Amino acid sequence: MTRLSRSSAPRLLYALCSTASKSPAAFLLGGSFQLRHFSAGNAARAKSEKDPWWKESMERLRNIGISAHIDSGKTTLTERVLYYTGRIHEIHEVRGRDGVGAKMDSMDLEREKGITIQSAATYCTWKDYKINIIDTPGHVDFTIEVERALRVLDGAILVLCSVGGVQSQSITVDRQMRRYDVPRLAFINKLDRMGADPWKVLNQARSKLRHHSAAMQVPIGLEEDFKGLVDLVQLKAYYFHGSSGEKVVSEDVPADMEALVAEKRRELIETVSEVDDKLAEAFLGDETISAADLEEAVRRATIAQKFIPVFMGSAFKNKGVQPLLDGVLSYLPCPIEVSNYALDQTKNEEKVELAGNPDGPLVALAFKLEEGRFGQLTYLRIYEGVIRKGDFIVNVNTGKKIKVPRLVRMHSNEMEDIQEAHAGQIVAVFGVDCASGDTFTDGSVKYTMTSMNVPEPVMSLAVQPVSKDSGGQFSKALNRFQKEDPTFRVGLDPESGQTIISGMGELHLDIYVERIRREYKVDASVGKPRVNFRETVTQRAEFDYLHKKQSGGQGQYGRVIGYIEPLPVGSSTKFEFENLLVGQAIPSNFIPAIEKGFKEAANSGALIGHPVENLRVVLIDGAAHAVDSSELAFKMASIYAFRQCYAASRPVILEPVMLVELKVPTEFQGAVAGDLNKRKGVIVGNDQEGDDSVITAHVPLNNMFGYSTALRSMTQGKGEFTMEYKEHSPVSHDVQTQLVNTYKGSKEAE
């Protein structure tokens, strides 16, 4: 038998043969089990015979994420999915009372607090389909994790709580899914709890999330009487027996539910036929609609993002998880049904649609980094082509060429080695130095996956290690967290020399401080949280400054004349320098030094020492000395010139204003609204939702410290809130005076 060399067979068939271990069908070319030596003629024939194999392997692949509001039961649901698909052999609960904790929460901190912080990626198989599951955090401080996970998914499950309904974070997550065009299923969880009402939640999803959705199932009993589900497509009742609900028993629909089931099935068909023409024809023609027709229509509408199928169950009580898995296979897209775009760097970032199959050139996105025991672990989503262990790949963002030393498939924090992976799969590689969001190719194309928008940090803390000798570990920890999380920034305060960490909120920074303590065994002392204020000018101010210093030897001489003014509203830059010099009053080689001086001076305004934004500096004249002028002299002249004219430009302080959304029982509405006014908040919306009031307000971040505790005490622990950054806006006059006096006081104390 002639041995296939890589040069003699096209690349495709090489990929085909190397996967023979996975699929014997790949070798049954022409029915008899033999390998042919491919001449050019046979290659074309084999290609057409081979096509279905490759297609089938891609069609049996799903990349899904599970995201939801805090405590809707995401991680519990993932735990059940892993149990039923045979990846784990016993079930552990989230708040690790048994000392083990859920499989997906692999950091100690996550097990203790019972919240998911990092998205763990896990792989499992269900009915011959391979499913990659990414468990995403539900807390708003970690939205960058959620966005990064959604970027690489083909479909998602949005978990809703049957008691809490559509909560504030569900809306945020849903908005993100819409931004990244992710088709999704909804799963109404916790039907065993008191007050469970799936129909209320379904109506909320329609009104608040504007979901075009309908139930795919009807629950048999609710709360403690919740026994099973009726599938509206197949018209079968499912019950879940066995100690962990692993035995699914299907029976006929109970007689007392037939009328309700018929009504809900008709509602499902009506809702889908509104967005699917093929089903609409059958529905209007009064034809009987078979289960297969309905299933196909739901799949088409879901992938087109026109419809969202709603499943039900209780993950904690092990009911309804298997039908949800079937729903993932039936209704969520496989990698080739989703269009992904890359930006071609050689053609000025022109959009290119990726075919998404293993034939093309390799395109992979590093969407998550972790510092493991064996060095940096990089999670890759492969969009096109094949990646093999030992291959050379190119990081498009840095231009570096690297070898893939080890390729693994992840299961939370354990891994199995694999030799190669093709388009559509999610794998991890070791020992590849890169940042999150980098794109890798095989060098034949220069594509980058679309840039991911990273929000600006809104809160800062001063941290320093308690003992001097743990400085090395401390900086190692901060470097690692910065690489892993683009919203986490580290800087130095030039005046106090303290390390300042900035992030998306109190919890975000608390968790990083805690992780430094846990993972690097460094005790860090934390200063009072600081808000990232900014300063800006409100009117034009002239400057004319001469910097002259004569000591023995060469002196310093530089004169700058011009004005500063605010940039127009909505300008894209925060600092602009314009040179309107006529003639050679200042030699052109000193101009960059002048710009540098103004930039440096604008880094700390005279009011409270925060950066000055929306500033335009115009240089119109100046003077130089043939001998004494130098770059340093002009840099110093511009720094002093800026300080000289800054007070005349009527500077104001800008503070970050947050968009705060509160959900509180109506009886506490007055107290909460009064408190927001006290915090100088502006209430912009107030909706009624059942017994709850939903208040939207714009509140300065500086007045939001410790708000979660205050809200809990005002509402007997029933209120909840989320906040995200909106904009920087000017502070009132009294606040400005107070901030300036505090700043002056601290300067004098030093």
# chains A, B, ... in the order shown; residues from 1 in each chain; ligands from 1
call {"tool": "residues_around", "arguments": {"residues": "range 716-731 of chain A", "least_positions_apart": "5", "cutoff": "8 Å", "atoms": "only C-alpha atoms", "output": "PyMOL selection string"}}
result
chain A and resi 140+168-169+458+534+652-665+708+711+736
call {"tool": "write_last_selection", "arguments": {"atoms": "C-alpha atoms", "output": "tab-separated table (two decimals), in the first residue's frame"}}
result
chain	number	residue	atom	x	y	z
A	140	VAL	CA	-21.99	42.88	36.01
A	168	SER	CA	-31.56	43.48	35.43
A	169	GLN	CA	-28.55	41.35	34.56
A	458	VAL	CA	-14.35	53.60	36.64
A	534	ARG	CA	-11.06	64.25	35.23
A	652	VAL	CA	-14.03	72.34	36.09
A	653	ILE	CA	-13.87	68.85	37.58
A	654	LEU	CA	-15.62	66.02	35.72
A	655	GLU	CA	-16.82	62.97	37.61
A	656	PRO	CA	-17.92	59.57	36.31
A	657	VAL	CA	-21.71	59.28	36.28
A	658	MET	CA	-23.19	55.79	36.43
A	659	LEU	CA	-26.38	54.47	34.92
A	660	VAL	CA	-27.97	52.74	37.90
A	661	GLU	CA	-30.89	50.36	37.56
A	662	LEU	CA	-32.73	49.37	40.75
A	663	LYS	CA	-35.44	46.84	41.31
A	664	VAL	CA	-37.20	47.30	44.66
A	665	PRO	CA	-40.58	46.30	46.11
A	708	SER	CA	-25.28	47.78	48.20
A	711	LEU	CA	-29.94	49.45	49.69
A	736	GLN	CA	-15.77	71.24	43.29
call {"tool": "residues_around", "arguments": {"residues": "Leu260 in chain A", "least_positions_apart": "4", "cutoff": "12 Å", "atoms": "only C-alpha atoms", "output": "list in words"}}
result
Gln217, Val218, Pro219, Ile220, Val230, Leu232, Leu235, Val253, Pro254, Ala255, Asp256, Lys264, Arg265, Arg266 and Glu267 of chain A
call {"tool": "atom_distance", "arguments": {"atom1": "CA of Asn677 in chain A", "atom2": "CA of Thr536 in chain A"}}
result
25.9 Å
call {"tool": "select_by_dssp", "arguments": {"residues": "range 412-510 of chain A", "states": "strand (DSSP E)", "output": "number ranges by chain"}}
result
A: 414-417, 420-422, 426-430, 439-441, 447-449, 459-465, 489-492, 499-503
call {"tool": "residues_around", "arguments": {"residues": "Ile591 in chain A", "least_positions_apart": "6", "cutoff": "12 Å", "atoms": "only C-alpha atoms", "output": "list in words"}}
result
Gly558, Arg559, Val560, Phe577, Glu578, Asn579, Leu580, Leu581, Gln584, Ala585, Gly597, Phe598, Val618, Leu619, Ile620, Asp621, Gly622, Ala623, Ala624, Ser630, Glu631, Leu632, Ala633, Phe634, Lys635, Ala637 and Ser638 of chain A
call {"tool": "select_by_dssp", "arguments": {"residues": "range 483-730 of chain A", "states": "alpha helix (DSSP H)", "output": "ChimeraX atom specification"}}
result
/A:483-484,506-520,591-602,631-646,669-678,707-714
call {"tool": "residues_around", "arguments": {"residues": "Leu329 in chain A", "least_positions_apart": "6", "cutoff": "12 Å", "atoms": "only C-alpha atoms", "output": "list in words"}}
result
Glu59, Arg60, Leu61, Arg62, Asn63, Ile64, Thr125, Trp126, Lys127, Asp128, Tyr129, Lys130, Ile131, Asn132, Gly155, Ala156, Leu185, Glu295, Glu296, Arg299, Gln322 and Pro323 of chain A
call {"tool": "closest_residue", "arguments": {"among": "A:Ile695, A:Ala647, A:Val445, A:Ile382", "to": "Glu535 in chain A", "atoms": "only C-alpha atoms"}}
result
A:Ala647
call {"tool": "residues_around", "arguments": {"residues": "Ile608 in chain A", "least_positions_apart": "5", "cutoff": "8 Å", "atoms": "only C-alpha atoms", "output": "list in words"}}
result
Leu739, Val740, Tyr743 and Lys744 of chain A
call {"tool": "residues_around", "arguments": {"residues": "Pro361 in chain A", "least_positions_apart": "5", "cutoff": "10 Å", "atoms": "only C-alpha atoms", "output": "number ranges by chain"}}
result
A: 354, 356, 383-387, 423, 441-445
call {"tool": "residues_around", "arguments": {"residues": "Ser207 in chain A", "least_positions_apart": "6", "cutoff": "12 Å", "atoms": "only C-alpha atoms", "output": "PyMOL selection string"}}
result
chain A and resi 165-166+171+200-201+213+689
call {"tool": "write_last_selection", "arguments": {"atoms": "all heavy atoms", "output": "short mmCIF file (atom, residue, chain, number, x, y, z; two decimals), in the first residue's frame"}}
result
data_model
loop_
_atom_site.label_atom_id
_atom_site.label_comp_id
_atom_site.auth_asym_id
_atom_site.auth_seq_id
_atom_site.Cartn_x
_atom_site.Cartn_y
_atom_site.Cartn_z
N GLY A 165 -37.85 35.95 37.55
CA GLY A 165 -38.21 36.43 36.22
C GLY A 165 -37.04 37.09 35.52
O GLY A 165 -35.88 36.75 35.75
N VAL A 166 -37.36 38.04 34.64
CA VAL A 166 -36.32 38.73 33.88
C VAL A 166 -35.74 39.82 34.78
O VAL A 166 -36.40 40.78 35.10
CB VAL A 166 -36.91 39.35 32.61
CG1 VAL A 166 -35.86 40.17 31.89
CG2 VAL A 166 -37.43 38.26 31.70
N ILE A 171 -31.16 41.31 31.34
CA ILE A 171 -31.32 42.27 30.25
C ILE A 171 -29.95 42.62 29.67
O ILE A 171 -29.77 42.65 28.45
CB ILE A 171 -32.04 43.55 30.76
CG1 ILE A 171 -33.44 43.18 31.25
CG2 ILE A 171 -32.11 44.61 29.68
CD1 ILE A 171 -34.19 44.28 31.95
N LYS A 200 -45.59 33.74 33.56
CA LYS A 200 -45.29 35.15 33.87
C LYS A 200 -43.92 35.51 33.30
O LYS A 200 -43.73 36.57 32.69
CB LYS A 200 -45.30 35.35 35.40
CG LYS A 200 -44.90 36.75 35.85
CD LYS A 200 -44.51 36.81 37.32
CE LYS A 200 -43.07 36.39 37.54
NZ LYS A 200 -42.57 36.53 38.90
N VAL A 201 -42.95 34.59 33.48
CA VAL A 201 -41.58 34.85 33.00
C VAL A 201 -41.55 34.95 31.48
O VAL A 201 -40.88 35.81 30.90
CB VAL A 201 -40.61 33.74 33.49
CG1 VAL A 201 -39.20 34.01 33.00
CG2 VAL A 201 -40.63 33.66 35.00
N SER A 213 -40.96 34.83 21.32
CA SER A 213 -40.71 33.49 21.85
C SER A 213 -42.01 32.77 22.20
O SER A 213 -43.07 33.39 22.32
CB SER A 213 -39.83 33.60 23.11
OG SER A 213 -40.47 34.41 24.06
N GLU A 689 -43.56 46.90 37.78
CA GLU A 689 -43.48 45.54 37.24
C GLU A 689 -43.96 44.58 38.32
O GLU A 689 -43.21 44.26 39.23
CB GLU A 689 -42.03 45.25 36.87
CG GLU A 689 -41.85 43.93 36.21
CD GLU A 689 -40.37 43.64 36.07
OE1 GLU A 689 -39.68 44.42 35.40
OE2 GLU A 689 -39.92 42.66 36.68
#
call {"tool": "atom_distance", "arguments": {"atom1": "CA of Val627 in chain A", "atom2": "CA of Ala593 in chain A"}}
result
16.9 Å
call {"tool": "closest_residue", "arguments": {"among": "A:Leu222, A:Leu701, A:Ala606, A:Val612", "to": "Met194 in chain A", "atoms": "only C-alpha atoms"}}
result
A:Leu222
